[in-house]
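Step one of this worksheet: look at the structure below.
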Amino acid sequence: MEQRGILYDGKAKRICLTDDEDKVIIRYKDDATAFNNVKKAVLANKGVLNNRISAIIFRYLRNAGVENHYISTLDDRSQLCRRVDIIPLEVIVRNIIAGSMARRLGIEEGTEPSNVIYDICYKADELGDPLINDHHAVALGIVTYDELHNIYGITAKINGLLKSLFAEAGIRLVDFKVEFGRTEDGRIILADEVSPDTCRLWDMKTNEKLDKDRFRRDLGHVIEAYEEVYRRLANIEDARGL
């Protein structure tokens, strides 16, 4: 597979074209950002760990019937993925109330609601990725109502699968965000990444944060937390012989 020009250079990943128009190379960076790019740092090996963790999760989801863009791991930082047209929405799943929702609604962080909460944000850096509703998304021409119904269905399945996987690893899946893309024939599939950058992960015994909040909140030991997540997931994958 021959790498060609850069298709997209983002905060945490670079997407490169290849000699196959249906495939791209996604390279994970060590850059860390928070609060709409206000806080920045470079954390050595973060990209390596997110690449490894995302690959494990994409393989696990694919084996469970959730179609996604991941094809294979190329090296420590790079994945070969299917090229998709990214839908400019972030779908946020909240199993436990934390972060921005706790602040916005004045709810104590760690509160477990009686339902799973789904939010969507419009991916637009110049607007600060605002929280929107289904009707906004349709009015903006991003998706149809039928596509949103499909996206929510896939997301609910992902949530159930990831809660089970992380529970096996002794980790509570507090919340996470996912992104989707359209294939050339119009199917909607999971894309982007699933990692401690995009999930809130708390140790089940201690409630220790094992995710990007360690960077956001200046808790320190960010890479050590990511390494712990990777170690636990890799052990599960090895035990299953996948």
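Letters A, B, ... mark the chains of the structure tokens in the order given; residue numbers begin at 1 per chain; ligand numbers begin at 1, in order shown.
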Legend entry - Those in chain A with strand (DSSP E or B) from DSSP, as JSON, numbers by chain: {"A": [3, 4, 5, 6, 7, 8, 9, 13, 14, 15, 16, 17, 18, 23, 24, 25, 26, 27, 28, 31, 32, 33, 34, 39, 40, 41, 42, 68, 70, 71, 72, 73, 78, 79, 80, 81, 82, 85, 86, 89, 90, 91, 92, 93, 94, 117, 118, 119, 120, 121, 122, 131, 132, 171, 172, 173, 174, 175, 176, 177, 178, 179, 180, 181, 182, 188, 189, 190, 191, 199, 200, 201, 202, 203, 209]}
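Residues within 10 Å of Asp20 (chain A), counting only C-alpha atoms and excluding same-chain residues fewer than 6 positions away, are Met1, Glu2, Gln3, Arg4, Arg82 and Arg83 of chain A.
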Quick one: write out the picked residues with C-alpha atoms as a short mmCIF file (atom, residue, chain, number, x, y, z; two decimals), in the first residue's frame?
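Saved file out.cif follows:
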```cif
data_model
loop_
_atom_site.label_atom_id
_atom_site.label_comp_id
_atom_site.auth_asym_id
_atom_site.auth_seq_id
_atom_site.Cartn_x
_atom_site.Cartn_y
_atom_site.Cartn_z
CA MET A 1 0.00 0.00 0.00
CA GLU A 2 1.58 3.27 -1.15
CA GLN A 3 0.89 6.44 0.82
CA ARG A 4 0.00 9.54 -1.19
CA ARG A 82 -11.79 2.22 4.53
CA ARG A 83 -12.31 5.68 3.15
#
```
For the contact check between region 74-141 of chain A and region 51-67 of chain A, emit one row per residue of region 74-141 of chain A within 8 Å, containing the shortest atom pair and the distance in Å rounded to one decimal, counting only C-alpha atoms, chain then rising number order, as a Markdown table.
```
| residue | atom | partner | partner_atom | distance |
| --- | --- | --- | --- | --- |
| A:Asp76 | CA | A:Asn51 | CA | 7.0 |
| A:Arg77 | CA | A:Asn51 | CA | 5.7 |
| A:Ser78 | CA | A:Asn51 | CA | 6.7 |
| A:Gln79 | CA | A:Asn51 | CA | 7.4 |
```
Can you write out the residues you just picked, keeping C-alpha atoms, as a CSV table (one decimal), in the first residue's frame?
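Dumped to selection.csv:
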```csv
chain,number,residue,atom,x,y,z
A,76,ASP,CA,2.7,1.5,16.0
A,77,ARG,CA,0.9,4.7,14.9
A,78,SER,CA,-1.0,3.8,11.7
A,79,GLN,CA,-4.1,2.0,10.6
```
Inset, instruction - Using DSSP on the backbone coordinates, identify all residues within region 84-205 of chain A classified as helix (DSSP H, G or I); present the result as a ChimeraX atom specification. - result: /A:99-105,125-127,134-139,145-168
Legend entry - Spatial neighbours of Phe215 (chain A), 9 Å, only C-alpha atoms, chain gap at least 4 places, as a PyMOL selection string: chain A and resi 32-34+41+211+219-222
Just-selected residues, all heavy atoms written as a PDB file, in the first residue's frame:
```
ATOM      1  N   ALA A  32      -2.140  16.420  22.367  1.00  0.00           N
ATOM      2  CA  ALA A  32      -3.319  16.380  23.235  1.00  0.00           C
ATOM      3  C   ALA A  32      -3.929  17.777  23.270  1.00  0.00           C
ATOM      4  O   ALA A  32      -3.217  18.771  23.408  1.00  0.00           O
ATOM      5  CB  ALA A  32      -2.939  15.935  24.636  1.00  0.00           C
ATOM      6  N   THR A  33      -5.257  17.847  23.115  1.00  0.00           N
ATOM      7  CA  THR A  33      -5.950  19.126  23.179  1.00  0.00           C
ATOM      8  C   THR A  33      -7.187  18.977  24.057  1.00  0.00           C
ATOM      9  O   THR A  33      -7.727  17.879  24.224  1.00  0.00           O
ATOM     10  CB  THR A  33      -6.388  19.610  21.781  1.00  0.00           C
ATOM     11  OG1 THR A  33      -7.324  18.681  21.228  1.00  0.00           O
ATOM     12  CG2 THR A  33      -5.204  19.737  20.847  1.00  0.00           C
ATOM     13  N   ALA A  34      -7.628  20.099  24.606  1.00  0.00           N
ATOM     14  CA  ALA A  34      -8.847  20.101  25.416  1.00  0.00           C
ATOM     15  C   ALA A  34      -9.464  21.487  25.354  1.00  0.00           C
ATOM     16  O   ALA A  34      -8.800  22.474  25.009  1.00  0.00           O
ATOM     17  CB  ALA A  34      -8.529  19.722  26.863  1.00  0.00           C
ATOM     18  N   ALA A  41      -0.854  20.122  24.490  1.00  0.00           N
ATOM     19  CA  ALA A  41       0.394  19.523  24.958  1.00  0.00           C
ATOM     20  C   ALA A  41       0.767  18.405  23.991  1.00  0.00           C
ATOM     21  O   ALA A  41      -0.041  17.976  23.166  1.00  0.00           O
ATOM     22  CB  ALA A  41       0.259  18.981  26.375  1.00  0.00           C
ATOM     23  N   ASP A 211      -8.511   8.096  31.632  1.00  0.00           N
ATOM     24  CA  ASP A 211      -8.864   8.690  30.343  1.00  0.00           C
ATOM     25  C   ASP A 211      -8.317  10.110  30.227  1.00  0.00           C
ATOM     26  O   ASP A 211      -7.533  10.564  31.057  1.00  0.00           O
ATOM     27  CB  ASP A 211     -10.388   8.686  30.173  1.00  0.00           C
ATOM     28  CG  ASP A 211     -11.083   9.393  31.334  1.00  0.00           C
ATOM     29  OD1 ASP A 211     -10.941  10.618  31.452  1.00  0.00           O
ATOM     30  OD2 ASP A 211     -11.750   8.714  32.139  1.00  0.00           O
ATOM     31  N   LEU A 219      -4.430  16.047  36.343  1.00  0.00           N
ATOM     32  CA  LEU A 219      -4.289  14.998  37.347  1.00  0.00           C
ATOM     33  C   LEU A 219      -2.956  14.263  37.244  1.00  0.00           C
ATOM     34  O   LEU A 219      -2.583  13.521  38.156  1.00  0.00           O
ATOM     35  CB  LEU A 219      -5.443  13.991  37.216  1.00  0.00           C
ATOM     36  CG  LEU A 219      -6.858  14.549  37.414  1.00  0.00           C
ATOM     37  CD1 LEU A 219      -7.897  13.459  37.157  1.00  0.00           C
ATOM     38  CD2 LEU A 219      -7.017  15.125  38.815  1.00  0.00           C
ATOM     39  N   GLY A 220      -2.270  14.450  36.133  1.00  0.00           N
ATOM     40  CA  GLY A 220      -0.993  13.778  35.935  1.00  0.00           C
ATOM     41  C   GLY A 220      -1.148  12.318  35.551  1.00  0.00           C
ATOM     42  O   GLY A 220      -2.250  11.773  35.513  1.00  0.00           O
ATOM     43  N   HIS A 221      -0.029  11.681  35.227  1.00  0.00           N
ATOM     44  CA  HIS A 221       0.033  10.255  34.907  1.00  0.00           C
ATOM     45  C   HIS A 221      -0.952   9.878  33.777  1.00  0.00           C
ATOM     46  O   HIS A 221      -1.603   8.842  33.836  1.00  0.00           O
ATOM     47  CB  HIS A 221      -0.258   9.407  36.149  1.00  0.00           C
ATOM     48  CG  HIS A 221       0.675   9.668  37.286  1.00  0.00           C
ATOM     49  ND1 HIS A 221       2.004   9.297  37.272  1.00  0.00           N
ATOM     50  CD2 HIS A 221       0.473  10.310  38.466  1.00  0.00           C
ATOM     51  CE1 HIS A 221       2.577   9.675  38.398  1.00  0.00           C
ATOM     52  NE2 HIS A 221       1.683  10.299  39.135  1.00  0.00           N
ATOM     53  N   VAL A 222      -1.012  10.727  32.768  1.00  0.00           N
ATOM     54  CA  VAL A 222      -1.924  10.478  31.646  1.00  0.00           C
ATOM     55  C   VAL A 222      -1.506   9.216  30.890  1.00  0.00           C
ATOM     56  O   VAL A 222      -2.322   8.311  30.662  1.00  0.00           O
ATOM     57  CB  VAL A 222      -1.954  11.686  30.684  1.00  0.00           C
ATOM     58  CG1 VAL A 222      -2.911  11.411  29.522  1.00  0.00           C
ATOM     59  CG2 VAL A 222      -2.350  12.954  31.425  1.00  0.00           C
TER      60      VAL A 222
END
```
Legend entry - Within 12 Å of Asp185 (chain A) using only C-alpha atoms, minus same-chain residues under 5 positions, as number ranges by chain: A: 22, 83-85
Inset, instruction - Mind checking which residues fall within 7 Å of region 196-202 of chain A, counting only C-alpha atoms, ignoring those fewer than 5 positions away in the same chain, and posting them as number ranges by chain? - result: A: 171-177, 207-212, 226
Legend entry - For Ile26 (chain A), the nearest of the candidates A:Ile71, A:Met101, A:Ile120, A:Val138, counting only C-alpha atoms: A:Ile71
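Here CA of Ile86 (chain A) and CA of Ala156 (chain A) stand 19.4 Å from one another.
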Give me, as an mmCIF file with N, CA and C atoms, in the first residue's frame, all polymer residues having an atom no more than 12 Å from Ala137 (chain A), counting only C-alpha atoms and skipping those fewer than 4 positions away in the same chain.
```
data_model
loop_
_atom_site.group_PDB
_atom_site.id
_atom_site.type_symbol
_atom_site.label_atom_id
_atom_site.label_comp_id
_atom_site.auth_asym_id
_atom_site.auth_seq_id
_atom_site.Cartn_x
_atom_site.Cartn_y
_atom_site.Cartn_z
ATOM 1 N N ILE A 87 -19.662 11.929 8.566
ATOM 2 C CA ILE A 87 -20.855 12.707 8.899
ATOM 3 C C ILE A 87 -20.467 13.676 10.015
ATOM 4 N N PRO A 88 -20.684 14.976 9.856
ATOM 5 C CA PRO A 88 -20.194 15.947 10.846
ATOM 6 C C PRO A 88 -21.039 16.002 12.125
ATOM 7 N N LEU A 89 -21.168 14.845 12.750
ATOM 8 C CA LEU A 89 -21.868 14.739 14.027
ATOM 9 C C LEU A 89 -21.028 13.916 14.993
ATOM 10 N N GLU A 90 -20.998 14.322 16.242
ATOM 11 C CA GLU A 90 -20.486 13.477 17.308
ATOM 12 C C GLU A 90 -21.693 12.966 18.093
ATOM 13 N N VAL A 91 -21.779 11.659 18.241
ATOM 14 C CA VAL A 91 -22.842 11.065 19.043
ATOM 15 C C VAL A 91 -22.248 10.725 20.402
ATOM 16 N N ASP A 119 -26.589 12.440 23.325
ATOM 17 C CA ASP A 119 -26.466 13.814 22.828
ATOM 18 C C ASP A 119 -25.849 13.766 21.439
ATOM 19 N N ILE A 120 -26.083 14.808 20.655
ATOM 20 C CA ILE A 120 -25.355 14.961 19.399
ATOM 21 C C ILE A 120 -24.776 16.376 19.335
ATOM 22 N N CYS A 121 -23.586 16.467 18.776
ATOM 23 C CA CYS A 121 -22.925 17.756 18.572
ATOM 24 C C CYS A 121 -22.603 17.923 17.091
ATOM 25 N N TYR A 122 -22.725 19.134 16.624
ATOM 26 C CA TYR A 122 -22.390 19.485 15.247
ATOM 27 C C TYR A 122 -20.890 19.734 15.171
ATOM 28 N N LYS A 123 -20.180 18.928 14.387
ATOM 29 C CA LYS A 123 -18.740 19.058 14.261
ATOM 30 C C LYS A 123 -18.402 20.259 13.378
ATOM 31 N N PRO A 130 -21.102 22.788 18.653
ATOM 32 C CA PRO A 130 -22.245 23.010 19.542
ATOM 33 C C PRO A 130 -23.148 21.782 19.693
ATOM 34 N N LEU A 131 -23.766 21.685 20.862
ATOM 35 C CA LEU A 131 -24.779 20.673 21.130
ATOM 36 C C LEU A 131 -26.024 21.030 20.325
ATOM 37 N N ILE A 132 -26.547 20.062 19.577
ATOM 38 C CA ILE A 132 -27.755 20.295 18.780
ATOM 39 C C ILE A 132 -28.735 19.160 19.031
ATOM 40 N N ASN A 133 -29.939 19.269 18.441
ATOM 41 C CA ASN A 133 -30.898 18.173 18.545
ATOM 42 C C ASN A 133 -31.139 17.553 17.173
ATOM 43 N N GLY A 141 -29.124 19.539 7.001
ATOM 44 C CA GLY A 141 -28.852 18.660 5.867
ATOM 45 C C GLY A 141 -27.769 17.639 6.134
ATOM 46 N N ILE A 142 -27.434 17.427 7.425
ATOM 47 C CA ILE A 142 -26.376 16.491 7.777
ATOM 48 C C ILE A 142 -26.840 15.053 7.612
ATOM 49 N N VAL A 143 -28.070 14.785 8.069
ATOM 50 C CA VAL A 143 -28.649 13.447 8.053
ATOM 51 C C VAL A 143 -30.149 13.562 7.845
ATOM 52 N N THR A 144 -30.769 12.424 7.530
ATOM 53 C CA THR A 144 -32.221 12.339 7.519
ATOM 54 C C THR A 144 -32.678 11.733 8.846
ATOM 55 N N TYR A 145 -33.968 11.796 9.113
ATOM 56 C CA TYR A 145 -34.489 11.172 10.332
ATOM 57 C C TYR A 145 -34.241 9.664 10.315
ATOM 58 N N ASP A 146 -34.394 9.040 9.150
ATOM 59 C CA ASP A 146 -34.150 7.599 9.052
ATOM 60 C C ASP A 146 -32.685 7.274 9.349
ATOM 61 N N GLU A 147 -31.775 8.106 8.857
ATOM 62 C CA GLU A 147 -30.357 7.874 9.135
ATOM 63 C C GLU A 147 -30.054 8.050 10.619
ATOM 64 N N LEU A 148 -30.668 9.051 11.242
ATOM 65 C CA LEU A 148 -30.476 9.237 12.683
ATOM 66 C C LEU A 148 -30.977 8.032 13.467
#
```
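Around Gly47 (chain A), within 8 Å and counting only C-alpha atoms, the residues found are Ala12, Arg27, Tyr28, Lys29, Asp30, Asp31 and Arg77 of chain A, once anything fewer than 5 positions away on its own chain is removed.
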Can I get the selection written as a tab-separated table (two decimals), in the first residue's frame, with all heavy atoms?
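Full text of selection_37.tsv as output:
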```
chain	number	residue	atom	x	y	z
A	12	ALA	N	-5.67	15.22	16.53
A	12	ALA	CA	-5.11	13.99	17.09
A	12	ALA	C	-4.72	12.96	16.05
A	12	ALA	O	-4.04	11.99	16.37
A	12	ALA	CB	-6.11	13.36	18.06
A	27	ARG	N	-3.01	8.05	10.84
A	27	ARG	CA	-1.83	8.08	11.72
A	27	ARG	C	-2.16	8.86	12.99
A	27	ARG	O	-2.58	10.02	12.92
A	27	ARG	CB	-0.64	8.70	10.99
A	27	ARG	CG	0.66	8.65	11.80
A	27	ARG	CD	1.86	8.97	10.93
A	27	ARG	NE	3.11	8.94	11.69
A	27	ARG	CZ	3.79	7.84	11.97
A	27	ARG	NH1	3.34	6.67	11.56
A	27	ARG	NH2	4.93	7.90	12.66
A	28	TYR	N	-1.99	8.22	14.12
A	28	TYR	CA	-2.31	8.81	15.42
A	28	TYR	C	-1.15	9.65	15.93
A	28	TYR	O	-0.01	9.21	15.96
A	28	TYR	CB	-2.63	7.71	16.42
A	28	TYR	CG	-3.97	7.04	16.21
A	28	TYR	CD1	-4.17	6.15	15.16
A	28	TYR	CD2	-5.03	7.31	17.06
A	28	TYR	CE1	-5.39	5.54	14.95
A	28	TYR	CE2	-6.27	6.70	16.87
A	28	TYR	CZ	-6.44	5.82	15.82
A	28	TYR	OH	-7.66	5.22	15.62
A	29	LYS	N	-1.46	10.85	16.38
A	29	LYS	CA	-0.45	11.80	16.86
A	29	LYS	C	-0.33	11.74	18.39
A	29	LYS	O	-1.20	11.23	19.08
A	29	LYS	CB	-0.84	13.22	16.47
A	29	LYS	CG	-0.97	13.49	14.98
A	29	LYS	CD	-1.37	14.94	14.77
A	29	LYS	CE	-1.46	15.33	13.33
A	29	LYS	NZ	-1.84	16.75	13.17
A	30	ASP	N	0.74	12.36	18.89
A	30	ASP	CA	0.94	12.49	20.33
A	30	ASP	C	0.33	13.78	20.86
A	30	ASP	O	0.34	14.02	22.07
A	30	ASP	CB	2.43	12.48	20.67
A	30	ASP	CG	3.04	11.09	20.54
A	30	ASP	OD1	2.29	10.10	20.53
A	30	ASP	OD2	4.28	11.00	20.44
A	31	ASP	N	-0.21	14.62	19.99
A	31	ASP	CA	-0.80	15.88	20.42
A	31	ASP	C	-2.03	15.64	21.30
A	31	ASP	O	-2.86	14.79	20.98
A	31	ASP	CB	-1.21	16.73	19.21
A	31	ASP	CG	-0.04	17.07	18.31
A	31	ASP	OD1	0.68	16.13	17.92
A	31	ASP	OD2	0.15	18.24	18.00
A	77	ARG	N	1.76	3.47	14.92
A	77	ARG	CA	0.93	4.67	14.90
A	77	ARG	C	-0.13	4.69	13.81
A	77	ARG	O	-0.95	5.62	13.78
A	77	ARG	CB	1.80	5.92	14.73
A	77	ARG	CG	2.69	6.22	15.90
A	77	ARG	CD	3.48	7.50	15.68
A	77	ARG	NE	4.31	7.78	16.84
A	77	ARG	CZ	3.91	8.43	17.92
A	77	ARG	NH1	2.67	8.90	17.96
A	77	ARG	NH2	4.71	8.64	18.93
```
